[in-house]
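Worksheet: one structure, shown below.
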Amino acid sequence: MALEIIESCVNCWACEPLCPNQAIYEATPHFLIEADKCTECSGDFAEAQCASICPIEGAIINQLGEALNPPGSLTGIPPGRWAAAQAEIAAR
Amino acid sequence: MDLPVIEHSPPAAAGCNASSCGSTARQRDGLTDDIRARVQDHPCYSEDAHHYFARMHVAVAPACNIQCHYCNRKYDCANESRPGVVSELLTPDQAVRKTLAVAATIPQMSVLGIAGPGDPLANPARTFETFRQLALKAPDIKLCVSTNGLVLPEHVDELVKYNIDHVTITINCVDPEVGAKIYPWIFWKNQRVFGREAAAILIDQQQKGLEMLTTRGILVKVNSVLIPGVNDRHLPEVSKIVKAKGAFLHNVMPLIAEAAHGTFYGVMGQRSPQPAELKALQDTCAGDMNMMRHCRQCRADAVGLLGEDRGAEFTLDRIETMEIDYEAAMVVRAELRAQIAAELAEKRAMAHSPTAPQASPQPIHFQSRTVKPAAAAGRPVLMAVAARNGLVAVHFGHASEFLVYEASANGARLVGHRKTESYCSGDQSCGDADAVLARTITAIAGCEVVLCSRIGYEPWGELEAAGIQPNGEHAMRPIEEAVMSVWNEMLAAGRLTAGSIAAKRA
């Protein structure tokens, strides 16, 4: 049982000091979680601390590959709207 | 490439003339000599100081504990100039080295701030280690911090410990209903909290932190982002409340929202305010509170005078190779500050001396704003100024921003600034000049005059056609003197009677 930080991480450091197991470490190109140490905060907190402060939707996933913060859950931007804005920017 | 016409003037030769003091006297209403002394070399706290003194931000604080709808946490764009954006994250040791390098290179540098790119107090170890080292190694540099306020109360004692004299809190609302439209979530007591509940906690913490700071004698500036349709009608109340709690300056800034920035407001099409809306709101709040009008909404790694960014000169690889004689630099800074302080004191003395020539028919003392000046003999006029170091010193085509002054019988008063692109780089690459000129003319809409050191034939005609009178007759003169001189000419020519603006524009 362990969480994983993936490439959309922006290296903002917010999660690193919160981990009760010191499982999160700075790495290139982005922060990583040491799977052996991660307990998903079970026994320490009701919610995984890294996923509770992470500002980037989709950057932290569980072992099933599911985002703890799915698209739209943090910014409030509907995913369709976001995709349309990204496409418009890319087209410029 | 900068051309010689916009080179720095020696600060000793710069300066505003006596008439400018009308505005700063108003800005400083009610301030004691002690507070004036504390802000006189802080460019973000004193309008006078921003003509002379430089500041820098060190980006040591990446983490944030809240989300604001005007912010996107992807903060690495080199081409954007707005709060929360940086190019290079620094460790405290790197930040200290950079600060010492900048202070040795730019003697006007008086202030070191930590402003992000996240929330400085959400990164307490990095923020306070930077302050601890700088308090020892750069005792003549003022330290300041800017925060969203969420964890401010628990850090007030440590701020006092490092002699942090100036704190900026961003307060966009005092009503959780309004707050819920600005802040989608906060991280609070090991949980993510959403919506109205989150906003209520944030507001409580901000207000508590504000009171704790002012009780301890720390100067507090409050920043608010003006978001049309969200908090525009609410901000006058915010202004009254923060003033009652002892904040001494309120800085209302326009929302920056573009889809390309990837922020909620940008993507969802929330509009930014027009300059006239911003000014109207600032004027409304000004009845109750000292308002800041010269903010440039700088990046969390900005370096230099407000309105310029010399960050590119001080990247990590560059500062590694710089030779710094810190003791010698401190002596140079002390001399420069003494010189500027003397100049400012002289300026104040002239402005308040009954025998001094006055641009205004009524000398303005540090009196209550409720005292009405003598009936104005002409209507107020907005003028855009291509300025540097307090002087009309920039070629129209080279200006990357214009300061906007309101001239009236009460004197010249800075009311804002407008960002532009310089359309002429002095070589043959002026391909896009027409489009840029059109954008500049839009940017300075509402101004009737534009003052600059020089201006080309073509933009002259375009500006006139747009109803904006170009004026290059006051090159290298202090801004306020030049602005009042133009206003007095307009007055003498009978162009400032009621209704003349409509006639001119028709």
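Following the order of the structure tokens, first chain is A, next is B, and so on, with residues numbered from 1 inside each chain and ligands from 1 in the order they appear.
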
Contacts of chain A with chain B up to 9 Å, shortest pair per row, only C-alpha atoms, as a tab-separated table:
residue	atom	partner	partner_atom	distance
A:Val10	CA	B:Lys74	CA	6.1
A:Asn11	CA	B:Pro62	CA	8.1
A:Cys12	CA	B:Pro62	CA	4.9
A:Trp13	CA	B:Ala63	CA	5.4
A:Ala14	CA	B:Ala63	CA	4.4
A:Cys15	CA	B:Ala63	CA	8.2
A:Leu18	CA	B:Asn190	CA	8.5
A:Phe45	CA	B:Asn190	CA	7.6
A:Ala46	CA	B:Gln191	CA	8.3
A:Glu47	CA	B:Gln191	CA	7.1
A:Ala48	CA	B:Gln191	CA	8.8
A:Gln49	CA	B:Asn190	CA	6.6
A:Ala51	CA	B:Arg192	CA	8.9
A:Ser52	CA	B:Arg192	CA	5.2
A:Ile53	CA	B:Phe187	CA	5.8
A:Cys54	CA	B:Cys64	CA	9.0
A:Pro55	CA	B:Arg73	CA	6.9
A:Ile56	CA	B:Arg73	CA	7.6
A:Leu74	CA	B:Pro184	CA	7.0
A:Thr75	CA	B:Phe264	CA	6.3
A:Gly76	CA	B:Pro184	CA	7.1
A:Ile77	CA	B:Phe264	CA	6.0
A:Arg81	CA	B:Val267	CA	7.4
A:Trp82	CA	B:Val267	CA	6.9
A:Ala85	CA	B:Val267	CA	6.3
A:Gln86	CA	B:Ala260	CA	7.9
A:Glu88	CA	B:Ala260	CA	8.8
A:Ile89	CA	B:Ala260	CA	6.2

How would the residues just chosen look if you wrote them out with N, CA, C and O atoms as an mmCIF file, in the first residue's frame?
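Saved file again.cif follows:
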data_model
loop_
_atom_site.group_PDB
_atom_site.id
_atom_site.type_symbol
_atom_site.label_atom_id
_atom_site.label_comp_id
_atom_site.auth_asym_id
_atom_site.auth_seq_id
_atom_site.Cartn_x
_atom_site.Cartn_y
_atom_site.Cartn_z
ATOM 1 N N VAL A 10 4.726 19.722 -9.556
ATOM 2 C CA VAL A 10 5.441 20.969 -9.871
ATOM 3 C C VAL A 10 6.556 21.264 -8.860
ATOM 4 O O VAL A 10 7.096 22.362 -8.824
ATOM 5 N N ASN A 11 6.897 20.294 -8.034
ATOM 6 C CA ASN A 11 8.005 20.458 -7.080
ATOM 7 C C ASN A 11 7.806 21.640 -6.130
ATOM 8 O O ASN A 11 8.720 22.427 -5.914
ATOM 9 N N CYS A 12 6.626 21.714 -5.559
ATOM 10 C CA CYS A 12 6.353 22.876 -4.693
ATOM 11 C C CYS A 12 6.714 22.625 -3.233
ATOM 12 O O CYS A 12 6.573 23.530 -2.408
ATOM 13 N N TRP A 13 7.139 21.428 -2.892
ATOM 14 C CA TRP A 13 7.609 21.107 -1.542
ATOM 15 C C TRP A 13 6.508 21.021 -0.492
ATOM 16 O O TRP A 13 6.788 20.730 0.664
ATOM 17 N N ALA A 14 5.270 21.306 -0.850
ATOM 18 C CA ALA A 14 4.235 21.386 0.190
ATOM 19 C C ALA A 14 4.074 20.053 0.927
ATOM 20 O O ALA A 14 3.888 20.012 2.144
ATOM 21 N N CYS A 15 4.150 18.947 0.202
ATOM 22 C CA CYS A 15 3.893 17.646 0.820
ATOM 23 C C CYS A 15 5.051 17.174 1.691
ATOM 24 O O CYS A 15 4.837 16.496 2.705
ATOM 25 N N LEU A 18 5.110 17.224 5.499
ATOM 26 C CA LEU A 18 3.910 16.709 6.158
ATOM 27 C C LEU A 18 3.918 15.199 6.345
ATOM 28 O O LEU A 18 3.178 14.663 7.175
ATOM 29 N N PHE A 45 -3.266 9.798 10.191
ATOM 30 C CA PHE A 45 -4.242 10.823 9.814
ATOM 31 C C PHE A 45 -5.403 10.190 9.057
ATOM 32 O O PHE A 45 -5.248 9.124 8.438
ATOM 33 N N ALA A 46 -6.525 10.869 9.088
ATOM 34 C CA ALA A 46 -7.703 10.366 8.387
ATOM 35 C C ALA A 46 -7.492 10.365 6.875
ATOM 36 O O ALA A 46 -7.984 9.498 6.166
ATOM 37 N N GLU A 47 -6.759 11.365 6.394
ATOM 38 C CA GLU A 47 -6.512 11.482 4.952
ATOM 39 C C GLU A 47 -5.016 11.525 4.701
ATOM 40 O O GLU A 47 -4.267 12.055 5.527
ATOM 41 N N ALA A 48 -4.592 11.000 3.567
ATOM 42 C CA ALA A 48 -3.173 11.089 3.208
ATOM 43 C C ALA A 48 -2.771 12.554 3.170
ATOM 44 O O ALA A 48 -3.415 13.360 2.505
ATOM 45 N N GLN A 49 -1.709 12.902 3.895
ATOM 46 C CA GLN A 49 -1.327 14.300 4.032
ATOM 47 C C GLN A 49 -0.827 14.904 2.720
ATOM 48 O O GLN A 49 -1.145 16.035 2.387
ATOM 49 N N ALA A 51 -1.644 14.156 -0.295
ATOM 50 C CA ALA A 51 -2.754 14.405 -1.217
ATOM 51 C C ALA A 51 -3.685 15.493 -0.690
ATOM 52 O O ALA A 51 -4.441 16.083 -1.456
ATOM 53 N N SER A 52 -3.611 15.779 0.617
ATOM 54 C CA SER A 52 -4.500 16.797 1.186
ATOM 55 C C SER A 52 -3.982 18.210 0.974
ATOM 56 O O SER A 52 -4.734 19.165 1.129
ATOM 57 N N ILE A 53 -2.692 18.357 0.673
ATOM 58 C CA ILE A 53 -2.163 19.706 0.428
ATOM 59 C C ILE A 53 -1.753 19.891 -1.031
ATOM 60 O O ILE A 53 -1.628 21.026 -1.503
ATOM 61 N N CYS A 54 -1.557 18.790 -1.753
ATOM 62 C CA CYS A 54 -1.088 18.903 -3.146
ATOM 63 C C CYS A 54 -2.036 19.783 -3.961
ATOM 64 O O CYS A 54 -3.243 19.561 -3.972
ATOM 65 N N PRO A 55 -1.498 20.813 -4.652
ATOM 66 C CA PRO A 55 -2.373 21.710 -5.412
ATOM 67 C C PRO A 55 -2.642 21.239 -6.839
ATOM 68 O O PRO A 55 -3.411 21.876 -7.558
ATOM 69 N N ILE A 56 -1.996 20.137 -7.246
ATOM 70 C CA ILE A 56 -2.088 19.734 -8.647
ATOM 71 C C ILE A 56 -2.980 18.502 -8.797
ATOM 72 O O ILE A 56 -2.666 17.428 -8.264
ATOM 73 N N LEU A 74 -9.908 20.265 -7.427
ATOM 74 C CA LEU A 74 -9.196 21.283 -6.643
ATOM 75 C C LEU A 74 -9.381 22.686 -7.201
ATOM 76 O O LEU A 74 -9.583 23.641 -6.462
ATOM 77 N N THR A 75 -9.269 22.810 -8.510
ATOM 78 C CA THR A 75 -9.370 24.145 -9.102
ATOM 79 C C THR A 75 -10.816 24.568 -9.280
ATOM 80 O O THR A 75 -11.103 25.763 -9.335
ATOM 81 N N GLY A 76 -11.713 23.593 -9.399
ATOM 82 C CA GLY A 76 -13.101 23.937 -9.703
ATOM 83 C C GLY A 76 -13.320 24.163 -11.194
ATOM 84 O O GLY A 76 -14.426 24.463 -11.624
ATOM 85 N N ILE A 77 -12.258 24.020 -12.001
ATOM 86 C CA ILE A 77 -12.411 24.189 -13.449
ATOM 87 C C ILE A 77 -12.958 22.870 -14.014
ATOM 88 O O ILE A 77 -12.311 21.830 -13.866
ATOM 89 N N ARG A 81 -13.847 22.265 -19.832
ATOM 90 C CA ARG A 81 -13.457 23.663 -20.006
ATOM 91 C C ARG A 81 -11.932 23.787 -20.043
ATOM 92 O O ARG A 81 -11.358 24.536 -20.816
ATOM 93 N N TRP A 82 -11.294 23.027 -19.181
ATOM 94 C CA TRP A 82 -9.833 23.042 -19.093
ATOM 95 C C TRP A 82 -9.230 22.544 -20.409
ATOM 96 O O TRP A 82 -8.309 23.160 -20.963
ATOM 97 N N ALA A 85 -9.560 25.139 -23.088
ATOM 98 C CA ALA A 85 -8.614 26.254 -22.911
ATOM 99 C C ALA A 85 -7.210 25.825 -23.345
ATOM 100 O O ALA A 85 -6.498 26.576 -24.015
ATOM 101 N N GLN A 86 -6.829 24.588 -22.976
ATOM 102 C CA GLN A 86 -5.501 24.088 -23.348
ATOM 103 C C GLN A 86 -5.369 23.997 -24.873
ATOM 104 O O GLN A 86 -4.333 24.369 -25.435
ATOM 105 N N GLU A 88 -6.978 25.714 -27.087
ATOM 106 C CA GLU A 88 -6.946 27.061 -27.656
ATOM 107 C C GLU A 88 -5.547 27.670 -27.524
ATOM 108 O O GLU A 88 -5.030 28.294 -28.452
ATOM 109 N N ILE A 89 -4.933 27.442 -26.365
ATOM 110 C CA ILE A 89 -3.587 27.980 -26.140
ATOM 111 C C ILE A 89 -2.593 27.309 -27.096
ATOM 112 O O ILE A 89 -1.746 27.964 -27.703
#

message: Considering only alpha helix (DSSP H) as DSSP defines it on the backbone, what residues of chain A qualify? List them as JSON, numbers by chain.
response: {"A": [49, 50, 51, 52, 53, 79, 80, 81, 82, 83, 84, 85, 86, 87, 88, 89, 90, 91]}

DSSP strand (DSSP E or B) residues within range 111-314 of chain B, as an MDAnalysis selection string: chainID B and resid 111:114 117 142:147 166:170 185:188 191:194 219:226 249:254 291 303:304

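For range 26-43 of chain A, the residues within 8 Å (counting only C-alpha atoms, excluding itself and residues fewer than 4 positions away along the chain) are A:Met1, A:Ala2, A:Leu3, A:Glu4, A:Ile5, A:Ile6, A:Glu7, A:Cys9, A:Val10, A:Asn11, A:Cys19, A:Pro20, A:Asn21, A:Gln22, A:Glu47, A:Ala48, A:Gln49.
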
- request: Name the residues in contact with Thr99 in chain B at a cut-off of 8 Å, using only C-alpha atoms, excluding same-chain residues fewer than 4 positions from it; report them as JSON, numbers by chain.
  value: {"B": [56, 58, 95, 103, 112]}

- request: Pick out the residues sitting within 12 Å of Gln40 in chain B, and hand them over as a VMD selection string; count only C-alpha atoms, and ignore anything fewer than 6 positions along from it in its own chain.
  value: chain B and resid 24 28 31 33 to 34 46 to 53 110 to 111 142 337 to 338 340 to 345

What would the file look like if the residues just selected were written as a short mmCIF file (atom, residue, chain, number, x, y, z; two decimals), in the first residue's frame with N, CA, C and O atoms?
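So out-v3.cif came out as:
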data_model
loop_
_atom_site.label_atom_id
_atom_site.label_comp_id
_atom_site.auth_asym_id
_atom_site.auth_seq_id
_atom_site.Cartn_x
_atom_site.Cartn_y
_atom_site.Cartn_z
N THR B 24 1.89 63.16 -1.56
CA THR B 24 2.44 62.30 -0.52
C THR B 24 2.02 62.79 0.85
O THR B 24 1.90 62.01 1.76
N ARG B 28 0.32 60.39 3.52
CA ARG B 28 0.88 60.18 4.85
C ARG B 28 0.03 60.77 5.96
O ARG B 28 0.47 60.85 7.08
N LEU B 31 0.27 59.97 9.78
CA LEU B 31 1.45 59.17 10.10
C LEU B 31 2.37 59.98 11.02
O LEU B 31 2.59 61.17 10.81
N ASP B 33 6.06 60.90 12.78
CA ASP B 33 7.43 60.99 12.25
C ASP B 33 8.11 59.63 12.32
O ASP B 33 8.89 59.27 11.45
N ASP B 34 7.78 58.89 13.37
CA ASP B 34 8.39 57.58 13.55
C ASP B 34 8.03 56.67 12.37
O ASP B 34 8.90 56.04 11.77
N SER B 46 6.16 53.45 0.53
CA SER B 46 6.18 54.90 0.38
C SER B 46 6.28 55.24 -1.10
O SER B 46 7.18 54.79 -1.80
N GLU B 47 5.34 56.07 -1.54
CA GLU B 47 5.34 56.47 -2.95
C GLU B 47 6.61 57.26 -3.29
O GLU B 47 7.19 57.08 -4.35
N ASP B 48 7.01 58.13 -2.36
CA ASP B 48 8.25 58.88 -2.58
C ASP B 48 9.42 57.93 -2.76
O ASP B 48 10.23 58.06 -3.68
N ALA B 49 9.51 56.95 -1.86
CA ALA B 49 10.66 56.05 -1.86
C ALA B 49 10.75 55.25 -3.15
O ALA B 49 11.84 54.88 -3.58
N HIS B 50 9.63 55.00 -3.79
CA HIS B 50 9.69 54.10 -4.95
C HIS B 50 10.38 54.74 -6.14
O HIS B 50 10.82 54.05 -7.05
N HIS B 51 10.53 56.06 -6.12
CA HIS B 51 11.31 56.70 -7.18
C HIS B 51 12.82 56.48 -7.00
O HIS B 51 13.59 56.64 -7.93
N TYR B 52 13.23 56.18 -5.78
CA TYR B 52 14.66 56.14 -5.47
C TYR B 52 15.19 54.76 -5.09
O TYR B 52 16.33 54.44 -5.34
N PHE B 53 14.35 54.00 -4.36
CA PHE B 53 14.87 52.79 -3.73
C PHE B 53 14.42 51.52 -4.45
O PHE B 53 13.32 51.46 -5.00
N SER B 110 17.21 48.57 -0.75
CA SER B 110 16.99 48.83 0.68
C SER B 110 16.13 47.76 1.35
O SER B 110 16.07 47.70 2.56
N VAL B 111 15.46 46.95 0.55
CA VAL B 111 14.48 46.03 1.12
C VAL B 111 14.60 44.63 0.52
O VAL B 111 14.72 44.48 -0.69
N LYS B 142 16.26 46.22 5.12
CA LYS B 142 14.99 45.94 5.79
C LYS B 142 14.44 44.61 5.30
O LYS B 142 14.47 44.32 4.11
N ARG B 337 21.86 56.64 0.92
CA ARG B 337 20.64 56.84 1.70
C ARG B 337 20.64 58.19 2.40
O ARG B 337 19.60 58.86 2.46
N ALA B 338 21.79 58.59 2.90
CA ALA B 338 21.87 59.89 3.58
C ALA B 338 21.55 61.00 2.58
O ALA B 338 20.81 61.94 2.87
N ILE B 340 19.75 60.75 -0.22
CA ILE B 340 18.33 60.74 -0.60
C ILE B 340 17.48 61.27 0.55
O ILE B 340 16.54 62.04 0.32
N ALA B 341 17.82 60.89 1.77
CA ALA B 341 17.04 61.35 2.92
C ALA B 341 17.09 62.88 3.00
O ALA B 341 16.08 63.53 3.25
N ALA B 342 18.27 63.44 2.74
CA ALA B 342 18.41 64.89 2.79
C ALA B 342 17.55 65.53 1.71
O ALA B 342 16.88 66.55 1.93
N GLU B 343 17.58 64.92 0.54
CA GLU B 343 16.80 65.45 -0.57
C GLU B 343 15.30 65.41 -0.27
O GLU B 343 14.57 66.37 -0.54
N LEU B 344 14.85 64.30 0.31
CA LEU B 344 13.42 64.18 0.63
C LEU B 344 13.03 65.18 1.72
O LEU B 344 11.95 65.77 1.68
N ALA B 345 13.92 65.37 2.69
CA ALA B 345 13.62 66.30 3.77
C ALA B 345 13.51 67.72 3.22
O ALA B 345 12.61 68.48 3.58
#

For Pro139 in chain B: contacts at 10 Å, only C-alpha atoms, fewer than 5 positions along chain excluded, given as a count of residues only: 3
